[in-house]
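Raw contents of work38.txt, compact mmCIF, C-alpha atoms:
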# COMPACT_ATOMS: atom_id res chain seq x y z
CA MET A 1 -18.48 25.90 6.67
CA SER A 2 -19.38 23.82 9.72
CA GLU A 3 -19.89 25.32 13.18
CA ASP A 4 -16.65 24.18 14.79
CA SER A 5 -14.51 25.12 11.81
CA LEU A 6 -11.53 27.34 12.54
CA LYS A 7 -11.50 28.82 9.05
CA GLY A 8 -10.55 32.50 9.25
CA ASN A 9 -9.05 32.13 12.75
CA TYR A 10 -5.47 32.97 13.64
CA ALA A 11 -3.10 30.20 12.62
CA GLY A 12 -0.97 28.70 15.37
CA PHE A 13 2.74 28.16 15.83
CA VAL A 14 3.03 24.53 14.65
CA SER A 15 1.17 25.08 11.37
CA ARG A 16 3.25 28.15 10.65
CA LEU A 17 6.50 26.41 11.60
CA ILE A 18 5.74 23.53 9.23
CA ALA A 19 4.82 25.94 6.44
CA PHE A 20 8.06 27.84 7.02
CA SER A 21 10.08 24.61 7.03
CA ILE A 22 8.55 23.62 3.69
CA ASP A 23 9.55 27.01 2.29
CA VAL A 24 13.09 26.62 3.63
CA ILE A 25 13.37 23.19 2.00
CA ILE A 26 12.16 24.60 -1.31
CA VAL A 27 14.65 27.48 -1.11
CA VAL A 28 17.54 25.17 -0.21
CA PHE A 29 16.78 22.82 -3.10
CA ALA A 30 16.41 25.72 -5.50
CA LEU A 31 19.76 27.14 -4.34
CA MET A 32 21.44 23.76 -4.74
CA PHE A 33 20.06 23.49 -8.26
CA MET A 34 21.18 27.02 -9.05
CA GLY A 35 24.68 26.26 -7.73
CA TRP A 36 24.90 23.16 -9.89
CA LEU A 37 23.63 25.08 -12.92
CA ILE A 38 26.07 27.96 -12.45
CA ASN A 39 28.96 25.49 -12.03
CA ALA A 40 27.90 23.65 -15.17
CA VAL A 41 27.65 26.88 -17.22
CA LEU A 42 31.01 28.13 -15.96
CA GLY A 43 32.49 24.71 -16.75
CA ILE A 44 31.18 24.83 -20.32
CA PHE A 45 32.83 28.18 -20.90
CA ASN A 46 36.03 27.13 -19.06
CA ILE A 47 35.64 29.95 -16.54
CA ASP A 48 37.35 28.89 -13.36
CA GLU A 49 37.92 32.32 -11.81
CA PHE A 50 35.46 31.54 -9.04
CA SER A 51 37.10 28.26 -8.08
CA ARG A 52 40.43 30.07 -7.70
CA THR A 53 39.09 32.55 -5.13
CA SER A 54 39.54 31.96 -1.40
CA THR A 55 37.08 29.96 0.66
CA LEU A 56 36.03 33.10 2.56
CA ASN A 57 35.19 34.83 -0.71
CA LYS A 58 33.26 31.81 -1.90
CA LEU A 59 31.31 31.72 1.33
CA LEU A 60 30.57 35.42 1.16
CA VAL A 61 29.37 35.30 -2.42
CA SER A 62 27.29 32.16 -1.82
CA GLY A 63 25.82 33.64 1.35
CA VAL A 64 24.86 36.91 -0.30
CA ILE A 65 23.30 35.10 -3.26
CA SER A 66 21.41 32.77 -0.91
CA LEU A 67 20.11 35.65 1.17
CA LEU A 68 19.05 37.63 -1.87
CA TYR A 69 17.35 34.62 -3.39
CA SER A 70 15.51 33.80 -0.14
CA ALA A 71 14.39 37.41 0.25
CA ALA A 72 13.19 37.49 -3.34
CA TYR A 73 11.30 34.22 -2.84
CA PHE A 74 9.36 35.46 0.19
CA LEU A 75 8.78 38.97 -1.18
CA PHE A 76 7.52 37.63 -4.48
CA PHE A 77 5.00 35.21 -3.00
CA TRP A 78 3.80 37.52 -0.20
CA THR A 79 3.20 40.38 -2.60
CA ILE A 80 1.69 38.43 -5.46
CA ILE A 81 -0.60 35.93 -3.68
CA GLY A 82 -0.20 36.54 0.05
CA GLN A 83 0.91 32.93 0.48
CA THR A 84 4.16 31.04 0.01
CA PRO A 85 4.06 27.45 -1.34
CA GLY A 86 4.52 26.17 2.23
CA LYS A 87 1.56 28.25 3.43
CA ILE A 88 -0.54 27.07 0.48
CA LEU A 89 0.14 23.46 1.48
CA MET A 90 -0.74 24.12 5.11
CA GLY A 91 -3.82 26.16 4.17
CA LEU A 92 -2.62 29.48 5.61
CA ARG A 93 -2.75 33.06 4.33
CA ILE A 94 -1.23 36.33 5.39
CA VAL A 95 -3.68 39.23 5.66
CA THR A 96 -3.30 42.72 7.06
CA THR A 97 -4.72 43.57 10.47
CA ASP A 98 -7.20 45.89 8.78
CA GLY A 99 -8.54 43.05 6.72
CA GLN A 100 -6.83 43.45 3.35
CA THR A 101 -6.09 40.15 1.70
CA THR A 102 -3.22 41.46 -0.40
CA LEU A 103 0.07 42.76 0.92
CA SER A 104 1.75 45.80 -0.59
CA PHE A 105 5.42 45.53 -1.51
CA THR A 106 6.34 47.96 1.30
CA ARG A 107 4.47 45.88 3.85
CA SER A 108 6.18 42.74 2.56
CA VAL A 109 9.58 44.40 2.93
CA ARG A 110 8.65 45.42 6.50
CA ARG A 111 7.65 41.82 7.22
CA LEU A 112 10.96 40.59 5.82
CA LEU A 113 12.87 43.01 8.05
CA GLY A 114 10.72 41.72 10.89
CA TYR A 115 11.95 38.22 10.05
CA ILE A 116 15.54 39.42 10.47
CA VAL A 117 14.67 41.03 13.81
CA SER A 118 12.94 37.83 14.97
CA ILE A 119 15.93 35.73 13.96
CA LEU A 120 18.46 38.08 15.55
CA SER A 121 16.51 37.97 18.82
CA LEU A 122 17.34 34.25 19.10
CA TRP A 123 14.04 33.34 17.41
CA ILE A 124 12.07 34.85 20.29
CA GLY A 125 10.21 36.93 17.70
CA PHE A 126 8.85 33.71 16.21
CA LEU A 127 8.17 32.05 19.56
CA TRP A 128 6.06 35.09 20.43
CA ILE A 129 3.32 33.50 18.31
CA LEU A 130 2.82 30.99 21.14
CA VAL A 131 1.83 33.59 23.71
CA ASP A 132 0.38 36.41 21.67
CA ASN A 133 -3.39 36.85 21.80
CA ARG A 134 -3.61 37.22 18.04
CA ARG A 135 -0.84 34.70 17.41
CA GLN A 136 1.37 37.37 15.90
CA GLY A 137 5.15 37.12 15.74
CA TRP A 138 7.28 40.24 15.95
CA HIS A 139 7.50 40.33 12.16
CA ASP A 140 3.69 40.34 12.04
CA LYS A 141 3.54 43.19 14.52
CA ILE A 142 6.14 45.19 12.57
CA ALA A 143 4.29 44.68 9.28
CA GLY A 144 0.76 44.85 10.72
CA THR A 145 -0.19 41.40 9.47
CA ILE A 146 -1.86 38.29 10.81
CA VAL A 147 -1.87 34.72 9.50
CA ILE A 148 -5.18 32.89 9.26
CA TYR A 149 -6.44 29.43 8.32
CA VAL A 150 -8.07 29.47 4.89
CA TRP A 151 -9.19 25.84 4.93
CA ASP A 152 -11.97 24.24 6.89
CA ALA A 153 -9.59 23.83 9.82
CA ARG A 154 -10.47 21.73 12.82
CA ALA A 155 -8.49 20.05 15.55
CA GLY A 156 -8.42 16.28 15.97
CA SER A 157 -11.23 14.68 17.96
CA PHE A 158 -8.88 13.84 20.85
CA ILE A 159 -7.82 17.48 21.26
CA THR A 160 -11.37 18.72 20.88
CA GLU A 161 -12.44 16.32 23.61
CA TRP A 162 -9.55 17.42 25.80
CA TYR A 163 -10.55 21.06 25.42
CA ARG A 164 -14.17 20.23 26.18
CA GLN A 165 -13.00 18.42 29.31
CA ARG A 166 -10.98 21.43 30.37
CA GLN A 167 -13.99 23.65 29.78
CA GLU A 168 -16.10 21.39 31.96
CA ASP A 169 -13.41 21.49 34.66
CA GLY A 170 -13.88 25.25 34.82
CA GLN A 171 -10.83 26.24 32.82
CA HIS A 172 -11.00 28.32 29.72
CA PRO A 173 -10.39 26.63 26.41
CA GLU A 174 -7.95 28.40 24.19
CA HIS A 175 -9.89 28.59 21.01
CA GLY A 176 -13.28 29.92 20.43
CA ALA A 177 -14.21 28.83 17.00
CA MET B 1 2.49 -19.94 -11.12
CA GLN B 2 4.31 -22.97 -9.79
CA ASP B 3 5.24 -26.13 -11.55
CA THR B 4 4.01 -29.29 -10.02
CA PRO B 5 6.40 -30.53 -7.34
CA ASP B 6 6.02 -34.11 -8.51
CA ASP B 7 9.37 -35.36 -9.82
CA VAL B 8 7.78 -37.70 -12.32
CA THR B 9 6.34 -34.80 -14.30
CA GLN B 10 9.56 -32.77 -14.23
CA ILE B 11 11.63 -32.91 -17.37
CA THR B 12 15.18 -31.65 -17.75
CA VAL B 13 16.13 -28.92 -20.24
CA SER B 14 17.96 -31.26 -22.60
CA GLU B 15 15.10 -33.74 -22.44
CA GLU B 16 12.64 -30.95 -23.10
CA GLU B 17 14.59 -29.80 -26.14
CA ARG B 18 14.58 -33.32 -27.48
CA LEU B 19 10.87 -33.67 -26.84
CA GLU B 20 10.18 -30.31 -28.54
CA GLU B 21 12.06 -31.61 -31.54
CA ILE B 22 9.97 -34.76 -31.64
CA LEU B 23 6.81 -32.72 -31.29
CA GLN B 24 7.77 -30.40 -34.11
CA ARG B 25 8.54 -33.37 -36.29
CA MET B 26 5.17 -34.83 -35.45
CA GLU B 27 3.47 -31.58 -36.36
CA LEU B 28 5.38 -31.42 -39.60
CA ASP B 29 4.22 -34.93 -40.38
CA THR B 30 0.60 -34.06 -39.76
CA GLY B 31 0.74 -30.71 -41.57
CA SER B 32 -0.13 -27.38 -39.95
CA THR B 33 -1.02 -27.08 -36.27
CA ASP B 34 -4.44 -28.51 -35.63
CA ARG B 35 -6.91 -26.14 -33.95
CA PHE B 36 -8.54 -28.99 -32.13
CA ARG B 37 -5.17 -30.08 -30.75
CA THR B 38 -4.43 -26.53 -29.60
CA VAL B 39 -7.77 -26.34 -27.78
CA LEU B 40 -7.08 -29.75 -26.27
CA ARG B 41 -3.69 -28.54 -25.08
CA LEU B 42 -5.27 -25.44 -23.64
CA LEU B 43 -7.78 -27.58 -21.78
CA VAL B 44 -5.12 -29.97 -20.49
CA GLY B 45 -2.74 -27.18 -19.52
CA GLY B 46 -5.51 -25.19 -17.87
CA THR B 47 -6.64 -28.19 -15.88
CA LEU B 48 -3.12 -29.09 -14.77
CA ILE B 49 -2.14 -25.57 -13.79
CA GLY B 50 -5.51 -24.95 -12.19
CA TRP B 51 -5.24 -28.16 -10.22
CA ASP B 52 -1.73 -27.29 -9.01
CA GLU B 53 -2.87 -23.84 -7.94
CA LEU B 54 -5.94 -25.27 -6.25
CA LEU B 55 -3.81 -27.72 -4.27
CA ILE B 56 -1.45 -24.99 -3.16
CA HIS B 57 -4.31 -22.73 -2.11
CA LEU B 58 -6.21 -25.53 -0.45
CA GLU B 59 -3.23 -26.12 1.82
CA GLN B 60 -3.03 -22.42 2.66
CA TRP B 61 -6.78 -22.18 3.36
CA GLU B 62 -6.74 -25.26 5.54
CA GLU B 63 -3.84 -23.82 7.50
CA GLU B 64 -5.69 -20.53 7.99
CA VAL B 65 -8.81 -22.33 9.16
CA ARG B 66 -6.72 -24.43 11.57
CA ASP B 67 -5.11 -21.29 13.01
CA TYR B 68 -8.49 -19.60 13.35
CA ARG B 69 -9.94 -22.63 15.13
CA THR B 70 -6.98 -22.83 17.49
CA GLN B 71 -7.44 -19.16 18.32
CA GLN B 72 -11.16 -19.62 18.90
CA GLU B 73 -10.58 -22.63 21.11
CA THR B 74 -7.94 -20.81 23.16
CA GLN B 75 -10.30 -17.87 23.64
CA ALA B 76 -13.20 -20.11 24.57
CA ARG B 77 -11.06 -22.00 27.09
CA SER B 78 -9.88 -18.78 28.68
CA VAL B 79 -13.44 -17.47 29.03
CA VAL B 80 -15.35 -20.46 30.35
CA TYR B 81 -14.55 -24.02 31.29
CA VAL B 82 -17.05 -26.52 29.87
CA GLU B 83 -17.44 -29.78 31.70
CA PRO B 84 -16.87 -32.72 29.30
CA GLY B 85 -20.17 -34.29 28.34
CA SER B 86 -22.20 -31.29 29.34
CA PRO B 87 -24.55 -29.73 26.74
CA THR B 88 -22.43 -27.18 24.88
CA THR B 89 -25.06 -25.08 23.17
CA PRO B 90 -28.41 -25.23 24.90
CA SER B 91 -29.98 -22.64 22.60
CA MET B 92 -29.51 -24.79 19.47
CA THR B 93 -32.67 -25.32 17.37
CA GLU B 94 -33.70 -28.71 16.02
CA SER B 95 -32.86 -27.89 12.43
CA GLN B 96 -29.45 -26.65 13.47
CA GLU B 97 -28.88 -29.82 15.44
CA LEU B 98 -29.82 -31.95 12.43
CA ARG B 99 -27.54 -29.98 10.16
CA TYR B 100 -24.60 -30.31 12.52
CA LEU B 101 -25.33 -34.01 12.93
CA LEU B 102 -25.21 -34.63 9.18
CA LEU B 103 -22.08 -32.58 8.74
CA GLY B 104 -20.41 -34.32 11.64
CA MET B 105 -21.35 -37.69 10.20
CA LEU B 106 -19.96 -36.76 6.79
CA PHE B 107 -16.59 -35.71 8.14
CA GLU B 108 -16.45 -38.60 10.60
CA THR B 109 -17.02 -41.03 7.70
CA GLU B 110 -14.29 -39.35 5.67
CA SER B 111 -11.85 -39.63 8.59
CA ARG B 112 -12.67 -43.28 9.18
CA LEU B 113 -12.38 -44.13 5.47
CA HIS B 114 -9.04 -42.36 5.37
CA GLN B 115 -7.78 -44.32 8.39
CA ARG B 116 -9.11 -47.67 7.28
CA GLY B 117 -8.59 -47.24 3.52
CA SER B 118 -4.96 -48.35 3.56
CA ALA B 119 -5.76 -51.37 5.74
CA ILE B 120 -8.54 -52.44 3.35
CA LEU B 121 -6.28 -52.01 0.33
CA LYS B 122 -3.54 -54.10 1.97
CA PHE B 123 -6.05 -56.79 2.79
CA ALA B 124 -7.40 -56.76 -0.78
CA GLY B 125 -3.86 -57.07 -2.16
CA ARG B 126 -3.03 -60.01 0.08
CA THR B 127 -6.30 -61.81 -0.77
CA THR B 128 -5.86 -61.34 -4.52
CA ASN B 129 -2.29 -62.56 -4.31
CA ALA B 130 -3.31 -65.64 -2.37
CA LEU B 131 -6.10 -66.46 -4.82
CA LEU B 132 -4.29 -65.83 -8.11
CA SER B 133 -0.70 -66.90 -7.34
CA PRO B 134 -1.27 -70.67 -7.59
CA MET B 135 -3.15 -70.25 -10.88
CA ILE B 136 -0.45 -68.08 -12.44
CA ARG B 137 2.29 -70.44 -11.24
CA GLN B 138 0.43 -73.30 -12.90
CA MET B 139 0.13 -71.42 -16.18
CA ASP B 140 3.86 -70.57 -16.10
CA ARG B 141 4.87 -74.18 -15.75
CA SER B 142 2.45 -75.69 -18.26
CA ASP B 143 4.07 -76.84 -21.57
CA ARG B 144 0.77 -76.82 -23.39
CA LEU B 145 0.46 -73.12 -22.89
CA GLN B 146 3.99 -72.42 -24.19
CA PRO B 147 2.94 -71.11 -27.70
CA ALA B 148 0.25 -68.94 -26.17
CA ARG B 149 2.75 -67.64 -23.60
CA SER B 150 5.27 -66.62 -26.27
CA ARG B 151 2.52 -64.82 -28.21
CA PHE B 152 1.44 -63.14 -25.00
CA ASP B 153 5.06 -62.06 -24.33
CA ASP B 154 5.24 -60.55 -27.84
CA LEU B 155 2.02 -58.73 -27.16
CA VAL B 156 3.36 -57.42 -23.85
CA ARG B 157 6.55 -56.21 -25.53
CA ARG B 158 4.55 -54.39 -28.20
CA GLY B 159 2.28 -53.02 -25.52
CA GLU B 160 5.30 -51.79 -23.56
CA SER B 161 6.71 -49.93 -26.56
CA VAL B 162 3.32 -48.33 -27.18
CA THR B 163 3.06 -47.39 -23.50
CA ASP B 164 6.56 -45.88 -23.60
CA ARG B 165 5.61 -43.80 -26.62
CA TRP B 166 2.44 -42.66 -24.92
CA ILE B 167 4.38 -41.69 -21.80
CA GLN B 168 6.82 -39.71 -23.88
CA ARG B 169 4.02 -38.05 -25.78
CA GLY B 170 2.27 -37.30 -22.51
CA LYS B 171 5.40 -35.60 -21.18
CA ILE B 172 5.76 -33.49 -24.32
CA GLU B 173 2.11 -32.57 -24.39
CA GLU B 174 1.99 -31.67 -20.74
CA SER B 175 4.99 -29.39 -21.02
CA HIS B 176 3.61 -27.88 -24.21
CA SER B 177 0.13 -27.42 -22.75
CA ARG B 178 1.46 -25.69 -19.64
CA LYS B 179 3.55 -23.34 -21.75
CA LEU B 180 0.62 -22.63 -24.04
CA VAL B 181 -1.69 -21.79 -21.14
CA LEU B 182 0.90 -19.58 -19.45
CA THR B 183 1.53 -17.72 -22.71
CA ALA B 184 -2.21 -17.39 -23.37
CA THR B 185 -2.85 -16.14 -19.82
CA GLN B 186 0.00 -13.63 -20.01
CA ASP B 187 -1.12 -12.36 -23.41
CA THR B 188 -4.73 -12.04 -22.31
CA PHE B 189 -3.67 -10.25 -19.14
CA ASP B 190 -1.41 -7.87 -21.07
CA ALA B 191 -4.13 -7.15 -23.61
CA SER B 192 -6.73 -6.57 -20.87
CA MET B 193 -4.42 -4.28 -18.95
CA GLY B 194 -3.59 -2.38 -22.13
CA GLN B 195 -7.27 -1.92 -22.93
CA LEU B 196 -8.11 -0.92 -19.37
CA GLY B 197 -5.22 1.52 -19.33
CA GLN B 198 -6.52 3.18 -22.48
CA ALA B 199 -10.14 3.40 -21.29
CA PRO B 200 -10.88 7.08 -20.52
CA GLU B 201 -13.42 6.16 -17.82
CA LEU B 202 -10.80 4.21 -15.90
CA GLN B 203 -8.20 6.94 -16.35
CA ASN B 204 -10.66 9.50 -14.98
CA LEU B 205 -11.51 7.21 -12.09
CA VAL B 206 -7.85 6.70 -11.18
CA LYS B 207 -7.22 10.46 -11.43
CA ALA B 208 -10.24 11.27 -9.26
CA GLN B 209 -9.27 8.68 -6.69
CA SER B 210 -5.66 9.87 -6.56
CA ALA B 211 -6.79 13.47 -6.15
CA GLY B 212 -9.27 12.48 -3.45
CA LEU B 213 -6.65 10.47 -1.62
CA SER B 214 -4.03 13.23 -1.67
CA LYS B 215 -6.61 15.74 -0.42
CA GLU B 216 -7.56 13.38 2.39
CA VAL B 217 -3.92 12.94 3.36
CA LEU B 218 -3.31 16.69 3.23
CA ASP B 219 -6.41 17.40 5.35
CA GLU B 220 -5.27 14.82 7.89
CA VAL B 221 -1.81 16.41 8.13
CA ARG B 222 -3.35 19.85 8.47
CA ALA B 223 -5.77 18.68 11.17
CA ARG B 224 -2.86 17.24 13.13
CA THR B 225 -0.96 20.52 12.89
CA VAL B 226 -4.04 22.42 14.12
CA SER B 227 -4.08 20.09 17.14
CA GLY B 228 -0.35 20.75 17.48
CA ASP B 229 -1.03 24.50 17.45
CA LEU B 230 -3.39 24.20 20.39
CA LEU B 231 -1.17 21.84 22.35
CA ALA B 232 2.02 23.85 21.81
CA GLU B 233 0.27 27.04 22.88
CA SER B 234 -1.14 25.46 25.97
CA PHE B 235 2.25 23.95 26.84
CA ALA B 236 4.09 27.26 26.34
CA ARG B 237 1.62 29.13 28.54
CA ARG B 238 1.97 26.57 31.27
CA ILE B 239 5.79 26.81 31.19
CA LEU B 240 5.65 30.61 31.32
CA ARG B 241 3.09 30.36 34.17
CA ARG B 242 0.70 32.47 32.20
CA ALA B 243 -2.95 31.96 32.87
CA PRO B 244 -4.68 29.98 30.15
CA ARG B 245 -6.37 32.58 28.05
CA GLY B 246 -10.05 32.64 27.41
CA GLU B 247 -11.50 32.29 24.00
CA LEU B 248 -9.30 33.57 21.25
CA PRO B 249 -10.49 36.83 19.79
CA GLY B 250 -12.08 36.13 16.45
CA PRO B 251 -10.37 37.18 13.27
CA ALA B 252 -10.26 40.85 12.29
CA GLY B 253 -13.80 41.89 11.43
CA SER B 254 -12.96 42.86 7.91
CA VAL B 255 -11.24 39.58 7.10
CA ASP B 256 -13.46 37.61 4.82
CA ARG B 257 -13.99 34.27 6.58
CA SER B 258 -15.47 32.68 3.54
CA GLU B 259 -12.47 33.37 1.39
CA ASP B 260 -11.44 30.34 -0.52
CA GLU B 261 -8.17 28.64 -0.06
CA GLY B 262 -5.27 29.35 -2.40
Take the structure in this file and express it as structure tokens.
Amino acid sequence: MSEDSLKGNYAGFVSRLIAFSIDVIIVVFALMFMGWLINAVLGIFNIDEFSRTSTLNKLLVSGVISLLYSAAYFLFFWTIIGQTPGKILMGLRIVTTDGQTTLSFTRSVRRLLGYIVSILSLWIGFLWILVDNRRQGWHDKIAGTIVIYVWDARAGSFITEWYRQRQEDGQHPEHGA
Amino acid sequence: MQDTPDDVTQITVSEEERLEEILQRMELDTGSTDRFRTVLRLLVGGTLIGWDELLIHLEQWEEEVRDYRTQQETQARSVVYVEPGSPTTPSMTESQELRYLLLGMLFETESRLHQRGSAILKFAGRTTNALLSPMIRQMDRSDRLQPARSRFDDLVRRGESVTDRWIQRGKIEESHSRKLVLTATQDTFDASMGQLGQAPELQNLVKAQSAGLSKEVLDEVRARTVSGDLLAESFARRILRRAPRGELPGPAGSVDRSEDEG
């Protein structure tokens, strides 16, 4: 690992946002596929009960299934490998504040509840990552987790130069790799 | 691959079919296809197609060189103005000077020959006409040469029919040769690609290169997001009028920094 590598440091907002977006895309595509599959299976067996129900019912059922599926997706990946596919792509990993690299199921559930809290607070819980010293969102604080870079992370040369300039101007740079 | 743009060498589809028929008949007459003839066709077709391609590329190359020279001249003019007649390159060595002199002479000669060539040819034509016309007129009018003239006319007629046959044969052979070369090139290319595609070394190389490339792309994207992390944080702190923080606290002491990705 080279000297200016950020490997092991707290991952920032943009990396985490992109990782989360990738996960959302995966979940949406999976749900679309599931919807198509269920429709096809029901069509084969001539079951059209669902299509006869009201739009509100349809929305409710679809919403509940989507929520359950999304929850299962995140819980499964957090508990099993501590990373979701989006985080794997972006080179991030969730670890506990006391240094454990695996998350227990209970901690994962707490993190998921933290997600709901962060969303209900008009996403402020997520935006908290931008100002927190350890780059923790509210869900991280609730679950006692942090997210770190697990690749040989480094900023682009332009940003590095910019930070160096700021350091020379007497201001503090924001990373101390 | 382009066909030659010359109309004389172009043959219509119906004409081609007719010529193919003649050719097949000729081959039937002479027995099975001759290897020597096939090689000859390959040579002829290769030369013709190669020549066409060369001409096309020569034009493109000349155009590129012209563009490059125009660019260079424009740049040179914008940088420094050189007085006409003044020494352009004072640091030129003697051998360089000699080389440029010879090259200049060569191209100058070519240009002059090109300009004066048509004038010389016209002059030669006029002179020959002036010298030979009275003699030919005399021979045309002479009664004593009448039997010889009729034999000569017969000879010319026979010669014309032979020439016509040769022209027709030339057309057939050219078309056939081009087709043969194109087929041979395509087959060779397909076979080579097939063999290369099956070679395990090449497959491994392609796999390794693809993997390397995707990793490079991924690393680049990640590096940009790390920069984005720092910028977004700095921006947010400025908006919230929070003092830029000092160095980030390092990761939790018990987190293994050397842990591998994935």
Residue contacts of segment 87-94 of chain A (7 Å, all atoms listed in the file) excluding same-chain residues fewer than 6 positions away, as an MDAnalysis selection string: (chainID A and resid 15 19 145:151) or (chainID B and resid 222 261:262)
Selection: 7 Å around Trp138 of chain A, all atoms listed in the file, excl. self and same-chain fewer than 6 positions, as an MDAnalysis selection string: chainID A and resid 114 118 125:126 128
So, with all atoms listed in the file as the atoms that count, which of B:Arg237, B:Ser150, B:Asp229, B:Gln72 lies closest to Arg16 of chain A?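 With all atoms listed in the file as the atom set, the closest residue is B:Asp229.
The interatomic distance for the pair atom CA of Trp51 of chain B and atom CA of Ile172 of chain B works out to 18.7 Å.
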For chain A, list the residues within 7 Å of chain B, counting all atoms listed in the file, and write the list as a tab-separated table (two decimals) with C-alpha atoms, in the frame of the given file.
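Contents of the output file part35.tsv:
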chain	number	residue	atom	x	y	z
A	7	LYS	CA	-11.50	28.82	9.05
A	8	GLY	CA	-10.55	32.50	9.25
A	9	ASN	CA	-9.05	32.13	12.75
A	10	TYR	CA	-5.47	32.97	13.64
A	12	GLY	CA	-0.97	28.70	15.37
A	13	PHE	CA	2.74	28.16	15.83
A	14	VAL	CA	3.03	24.53	14.65
A	15	SER	CA	1.17	25.08	11.37
A	88	ILE	CA	-0.54	27.07	0.48
A	90	MET	CA	-0.74	24.12	5.11
A	91	GLY	CA	-3.82	26.16	4.17
A	97	THR	CA	-4.72	43.57	10.47
A	98	ASP	CA	-7.20	45.89	8.78
A	99	GLY	CA	-8.54	43.05	6.72
A	100	GLN	CA	-6.83	43.45	3.35
A	130	LEU	CA	2.82	30.99	21.14
A	131	VAL	CA	1.83	33.59	23.71
A	133	ASN	CA	-3.39	36.85	21.80
A	150	VAL	CA	-8.07	29.47	4.89
A	151	TRP	CA	-9.19	25.84	4.93
A	153	ALA	CA	-9.59	23.83	9.82
A	154	ARG	CA	-10.47	21.73	12.82
A	155	ALA	CA	-8.49	20.05	15.55
A	156	GLY	CA	-8.42	16.28	15.97
A	159	ILE	CA	-7.82	17.48	21.26
A	172	HIS	CA	-11.00	28.32	29.72
A	173	PRO	CA	-10.39	26.63	26.41
A	174	GLU	CA	-7.95	28.40	24.19
A	175	HIS	CA	-9.89	28.59	21.01
A	176	GLY	CA	-13.28	29.92	20.43
Fewer than 3 positions away in the same chain doesn't count, so skip those; otherwise give me all residues within 9 Å of segment 24-29 of chain A, counting all atoms listed in the file, as a list in words.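 Answer for this query is Ala19, Phe20, Ser21, Met32, Phe33, Met34, Ser66, Tyr69, Ser70, Tyr73, Pro85 and Gly86 of chain A.
The coordinates place atom CA of Trp78 of chain A at 6.5 Å from atom CA of Leu103 of chain A.
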Padding of 3 Å on every side, edges along x, y and z, all listed atoms of segment 109-114 of chain A included: what centre and edge lengths in Å, to one decimal, does that box have, as lines of an AutoDock Vina configuration file?
center_x = 10.3
center_y = 43.0
center_z = 6.9
size_x = 11.2
size_y = 10.8
size_z = 14.0
Ref. answer, residues at most 12 Å from (12.4, 43.5, 0.9) with only C-alpha atoms, as a CSV table (one decimal) with C-alpha atoms, in the coordinates of the input:
chain,number,residue,atom,x,y,z
A,67,LEU,CA,20.1,35.6,1.2
A,68,LEU,CA,19.0,37.6,-1.9
A,69,TYR,CA,17.4,34.6,-3.4
A,70,SER,CA,15.5,33.8,-0.1
A,71,ALA,CA,14.4,37.4,0.2
A,72,ALA,CA,13.2,37.5,-3.3
A,73,TYR,CA,11.3,34.2,-2.8
A,74,PHE,CA,9.4,35.5,0.2
A,75,LEU,CA,8.8,39.0,-1.2
A,76,PHE,CA,7.5,37.6,-4.5
A,77,PHE,CA,5.0,35.2,-3.0
A,78,TRP,CA,3.8,37.5,-0.2
A,79,THR,CA,3.2,40.4,-2.6
A,104,SER,CA,1.8,45.8,-0.6
A,105,PHE,CA,5.4,45.5,-1.5
A,106,THR,CA,6.3,48.0,1.3
A,107,ARG,CA,4.5,45.9,3.8
A,108,SER,CA,6.2,42.7,2.6
A,109,VAL,CA,9.6,44.4,2.9
A,110,ARG,CA,8.6,45.4,6.5
A,111,ARG,CA,7.6,41.8,7.2
A,112,LEU,CA,11.0,40.6,5.8
A,113,LEU,CA,12.9,43.0,8.0
A,114,GLY,CA,10.7,41.7,10.9
A,115,TYR,CA,12.0,38.2,10.0
A,116,ILE,CA,15.5,39.4,10.5
A,143,ALA,CA,4.3,44.7,9.3
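Of note, atom CA of Thr96 of chain A and atom CA of Gly144 of chain A are spaced 5.9 Å apart.
Every protein, DNA or RNA residue with an atom at most 8 Å from Val181 of chain B, where all atoms listed in the file count and chain neighbours fewer than 2 positions away do not, is listed here: Leu42, Gly45, Gly46, Ser177, Arg178, Lys179, Thr183, Ala184 and Thr185 of chain B.
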For His139 of chain A, which of A:Val117, A:Ala11, A:Leu127, A:Leu42 is the closest residue, counting only C-alpha atoms? A:Val117
